[in-house]
>>> print(open('target.txt').read())   # compact mmCIF, C-alpha atoms
# COMPACT_ATOMS: atom_id res chain seq x y z
CA GLY A 5 -0.79 -8.95 -14.27
CA SER A 6 -2.94 -11.95 -14.07
CA GLU A 7 -1.29 -13.23 -10.93
CA PRO A 8 -3.74 -15.33 -8.89
CA LEU A 9 -4.69 -14.47 -5.34
CA ARG A 10 -2.13 -15.94 -2.99
CA ALA A 11 -2.39 -16.01 0.77
CA LEU A 12 0.26 -17.43 3.06
CA THR A 13 -0.45 -17.95 6.74
CA ASN A 14 2.23 -18.43 9.40
CA ASP A 15 2.05 -20.33 12.70
CA LEU A 16 0.55 -17.30 14.45
CA GLY A 17 -2.28 -17.08 11.92
CA LEU A 18 -0.86 -13.92 10.34
CA MET A 19 -1.24 -13.62 6.58
CA SER A 20 0.66 -12.28 3.61
CA ILE A 21 -1.52 -11.73 0.56
CA SER A 22 -0.73 -10.96 -3.03
CA PHE A 23 -3.09 -10.60 -5.94
CA GLY A 24 -3.06 -9.48 -9.52
CA CYS A 25 -5.26 -7.08 -11.41
CA SER A 26 -7.56 -9.75 -12.82
CA GLN A 27 -8.82 -10.48 -9.28
CA LEU A 28 -9.14 -6.81 -8.35
CA ARG A 29 -12.87 -6.42 -7.84
CA ASP A 30 -14.90 -5.08 -4.94
CA GLU A 31 -15.70 -8.69 -3.91
CA LEU A 32 -11.99 -9.32 -3.40
CA PHE A 33 -11.71 -6.31 -1.11
CA GLU A 34 -14.70 -7.65 0.85
CA HIS A 35 -12.81 -10.95 1.30
CA VAL A 36 -9.64 -9.07 2.30
CA ARG A 37 -11.61 -7.01 4.80
CA VAL A 38 -12.92 -10.17 6.52
CA HIS A 39 -9.33 -11.31 7.19
CA ALA A 40 -7.79 -7.84 7.44
CA CYS A 41 -6.86 -7.93 11.12
CA ARG A 42 -4.53 -10.90 10.42
CA ILE A 43 -2.84 -9.48 7.31
CA VAL A 44 0.76 -8.31 7.84
CA SER A 45 1.77 -7.95 4.19
CA MET A 46 -0.31 -6.97 1.16
CA ARG A 47 0.97 -6.81 -2.41
CA ILE A 48 -1.29 -5.31 -5.06
CA ALA A 49 1.56 -4.15 -7.27
CA GLY A 50 0.91 -3.37 -10.90
CA CYS A 51 -2.82 -2.73 -10.49
CA ALA A 52 -3.00 0.69 -12.10
CA HIS A 53 -6.76 0.97 -11.54
CA VAL A 54 -6.95 0.20 -7.80
CA SER A 55 -8.82 3.15 -6.31
CA ASP A 56 -8.61 5.26 -3.19
CA THR A 57 -12.12 4.03 -2.35
CA GLN A 58 -11.05 0.38 -2.45
CA LEU A 59 -7.96 1.01 -0.33
CA HIS A 60 -9.85 3.19 2.15
CA TYR A 61 -12.39 0.36 2.52
CA VAL A 62 -9.89 -2.21 3.84
CA ILE A 63 -7.08 -0.19 5.44
CA PRO A 64 -8.93 0.77 8.67
CA HIS A 65 -9.28 -2.95 9.42
CA MET A 66 -5.57 -3.75 9.01
CA PRO A 67 -3.88 -2.81 12.31
CA SER A 68 -1.23 -5.52 11.88
CA LEU A 69 -0.10 -4.42 8.41
CA ILE A 70 3.70 -4.15 8.27
CA GLU A 71 4.33 -4.04 4.53
CA LEU A 72 2.26 -2.61 1.68
CA ASP A 73 3.35 -2.89 -1.95
CA LEU A 74 1.58 -0.44 -4.25
CA VAL A 75 4.10 -0.44 -7.11
CA GLY A 76 2.45 0.85 -10.28
CA CYS A 77 -0.88 1.68 -8.59
CA ASN A 78 -1.17 4.94 -10.48
CA ALA A 79 -4.81 5.77 -9.72
CA LEU A 80 -4.10 6.29 -6.01
CA THR A 81 -3.84 9.80 -4.63
CA PHE A 82 -1.99 11.23 -1.66
CA SER A 83 -5.19 10.71 0.32
CA SER A 84 -4.50 6.96 0.29
CA LEU A 85 -0.92 7.40 1.47
CA ARG A 86 -2.06 9.59 4.33
CA HIS A 87 -4.85 7.15 5.20
CA VAL A 88 -2.52 4.14 5.18
CA THR A 89 0.11 5.74 7.40
CA LYS A 90 -2.44 7.04 9.90
CA ARG A 91 -4.46 3.80 10.09
CA CYS A 92 -1.64 1.23 10.07
CA PRO A 93 0.48 1.99 13.14
CA ARG A 94 2.81 -0.98 12.57
CA LEU A 95 3.57 -0.20 8.92
CA GLN A 96 7.31 -0.41 8.27
CA VAL A 97 7.56 -0.56 4.47
CA LEU A 98 5.47 1.30 1.89
CA ASN A 99 6.48 0.69 -1.71
CA ILE A 100 5.12 3.36 -4.07
CA ALA A 101 7.67 2.96 -6.87
CA ARG A 102 6.47 3.38 -10.47
CA THR A 103 3.69 5.74 -9.38
CA ALA A 104 3.35 9.50 -9.70
CA PHE A 105 4.42 9.93 -6.08
CA THR A 106 7.69 11.77 -5.59
CA ASP A 107 10.30 12.20 -2.90
CA ASP A 108 8.09 14.97 -1.50
CA ALA A 109 5.28 12.48 -0.90
CA ALA A 110 7.73 10.11 0.78
CA PHE A 111 8.95 12.96 3.00
CA TYR A 112 5.44 13.83 4.17
CA VAL A 113 4.56 10.20 4.80
CA LYS A 114 7.75 9.57 6.80
CA ARG A 115 7.97 12.83 8.73
CA ILE A 116 4.41 14.05 9.14
CA TYR A 117 1.94 11.17 9.03
CA ALA A 118 3.64 7.94 10.08
CA PRO A 119 3.58 7.41 13.86
CA GLU A 120 6.69 5.19 13.69
CA PRO A 121 9.77 5.14 11.44
CA ILE A 122 8.85 3.83 8.00
CA ALA A 123 10.74 3.01 4.81
CA VAL A 124 9.06 4.56 1.77
CA ILE A 125 10.30 3.30 -1.58
CA VAL A 126 9.83 5.66 -4.54
CA SER A 127 11.13 5.52 -8.09
CA PRO A 128 14.40 7.34 -8.70
CA LYS A 129 14.28 10.60 -10.61
CA PRO A 130 14.62 10.16 -14.37
CA ALA A 131 18.13 10.89 -15.63
CA SER A 132 16.94 13.93 -17.58
CA SER A 133 15.68 15.71 -14.46
CA MET A 134 19.00 15.07 -12.69
CA LEU A 135 20.75 16.97 -15.49
CA ASP A 136 18.45 19.93 -14.91
CA ASP A 137 19.98 20.32 -11.44
CA VAL A 138 23.49 20.87 -12.86
>>> encode(input="target.txt", output="structure tokens")
Amino acid sequence: GSEPLRALTNDLGLMSISFGCSQLRDELFEHVRVHACRIVSMRIAGCAHVSDTQLHYVIPHMPSLIELDLVGCNALTFSSLRHVTKRCPRLQVLNIARTAFTDDAAFYVKRIYAPEPIAVIVSPKPASSMLDDV
């Protein structure tokens, strides 16, 4: 979408940010990186063209990140999921619904890479594949 950049700051100076695809440029990631250590929640849902390179650029600077919403970010690879879970020790929620990631990806993120328990949200299997199991 064309959702504008939104940043909310709480009393402790921690931030939640959300932005749409129209703002998704390298300059935005530079701005995010400047404030990254204060960001606890980042929503870039629906941005199908966000890249591993862009995510890898900001994630190492986000030690306080608790929630990351990547719904519909279809250009990302498993490399980004691994990078996020290794570099964000406080991450509690990773939303990767409406992407190509499967339950297998969620399993690896939760059991192998994440240092702490994490909720990984994936899209349910399509009804047709459930019938194949019968």
>>> closest_residue(input="target.txt", among="A:Leu95, A:Val88, A:Leu32, A:Val75", to="Ile125 (chain A)", atoms="only C-alpha atoms")
A:Val75
>>> atom_distance(input="target.txt", atom1="CA of Lys90 (chain A)", atom2="CA of Leu59 (chain A)")
13.1 Å
>>> atom_distance(input="target.txt", atom1="CA of Pro67 (chain A)", atom2="CA of Thr103 (chain A)")
24.5 Å
>>> residues_around(input="target.txt", residues="Arg102 (chain A)", least_positions_apart="6", cutoff="10 Å", atoms="all atoms listed in the file", output="PDB file with C-alpha atoms, keeping the file's coordinate frame")
ATOM      1  CA  ALA A  49       1.560  -4.150  -7.270  1.00  0.00           C
ATOM      2  CA  GLY A  50       0.910  -3.370 -10.900  1.00  0.00           C
ATOM      3  CA  ALA A  52      -3.000   0.690 -12.100  1.00  0.00           C
ATOM      4  CA  LEU A  74       1.580  -0.440  -4.250  1.00  0.00           C
ATOM      5  CA  VAL A  75       4.100  -0.440  -7.110  1.00  0.00           C
ATOM      6  CA  GLY A  76       2.450   0.850 -10.280  1.00  0.00           C
ATOM      7  CA  CYS A  77      -0.880   1.680  -8.590  1.00  0.00           C
ATOM      8  CA  ASN A  78      -1.170   4.940 -10.480  1.00  0.00           C
ATOM      9  CA  ILE A 125      10.300   3.300  -1.580  1.00  0.00           C
ATOM     10  CA  VAL A 126       9.830   5.660  -4.540  1.00  0.00           C
ATOM     11  CA  SER A 127      11.130   5.520  -8.090  1.00  0.00           C
ATOM     12  CA  PRO A 128      14.400   7.340  -8.700  1.00  0.00           C
TER      13      PRO A 128
END
>>> closest_residue(input="target.txt", among="A:Ser55, A:Tyr61, A:Arg91, A:Leu98", to="His35 (chain A)", atoms="all atoms listed in the file")
A:Tyr61
>>> atom_distance(input="target.txt", atom1="CA of Arg42 (chain A)", atom2="CA of Phe111 (chain A)")
28.4 Å
